[in-house]
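J.: Below you will find the structure I want to go over with you.
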Amino acid sequence: MDKEALTAKVLKIFSEVLPEIDTNKLDMAAELTATYGVNSVSIIQFIVGLENAFGIEFADSELALGLYYDMNDVVKAVAAKIG
C-alpha cells in the first residue's frame, strides 16, 4: 500500500472516531491534542480502529497519547506495522 492510500485509510478511521473533525482540512503536522482535542479515550478508539482496519496490533506500551504528536506519527506507526 502506498503512502497516499495508507494516509487516506488512516484519516477515514480518524473521522469515524472524531466525526466533528473535517479530515479534508486536517493539518498532518498539527498537534493532535491541542489542535484537534484528541484525548486518551479517543486515541485508544483510534488505535483499535486502526488495528481492525489494517489487521495489525499495537502493544500496550504503544497506546500512550504522547507517542503520537501529529497525524504523520500515526501514519508512520501504521506503516511500520504493515511494513
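All residue names refer to the C-alpha cells as shown: chains lettered A, B, ... in order, residues numbered from 1 in each chain, ligands numbered from 1 in order.
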As a ChimeraX atom specification, please: the residues near segment 68-82 of chain A (cut-off 9 Å, only C-alpha atoms, same-chain neighbours under 2 positions excluded).
T.: /A:1,3,6-7,10-11,26-33,43,47,50-51,54-58,64-66
J.: Pick out the closest residue to Ile13 of chain A from this set: A:Leu63, A:Gly83, A:Tyr36, A:Ala53. Count only C-alpha atoms.
T.: A:Ala53
J.: Could you jot down the atom CA of Lys25 of chain A to atom CA of Asn52 of chain A separation for me, Å, one decimal place?
T.: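 Answer for the atom CA of Lys25 of chain A to atom CA of Asn52 of chain A separation: 24.8 Å.
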J.: Within 9 Å of Ser42 of chain A, counting only C-alpha atoms, which residues qualify if same-chain residues fewer than 4 places away don't, as a ChimeraX atom specification?
T.: /A:17-18,37-38,46-47
J.: Separation of atom CA of Val41 of chain A and atom CA of Lys9 of chain A, in Å?
T.: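 Calculated distance between atom CA of Val41 of chain A and atom CA of Lys9 of chain A is 20.4 Å.
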J.: What separation in Å, quoted to one decimal, exists between atom CA of Asp60 of chain A and atom CA of Ala34 of chain A?
T.: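 Result for atom CA of Asp60 of chain A versus atom CA of Ala34 of chain A: 23.3 Å, one decimal.
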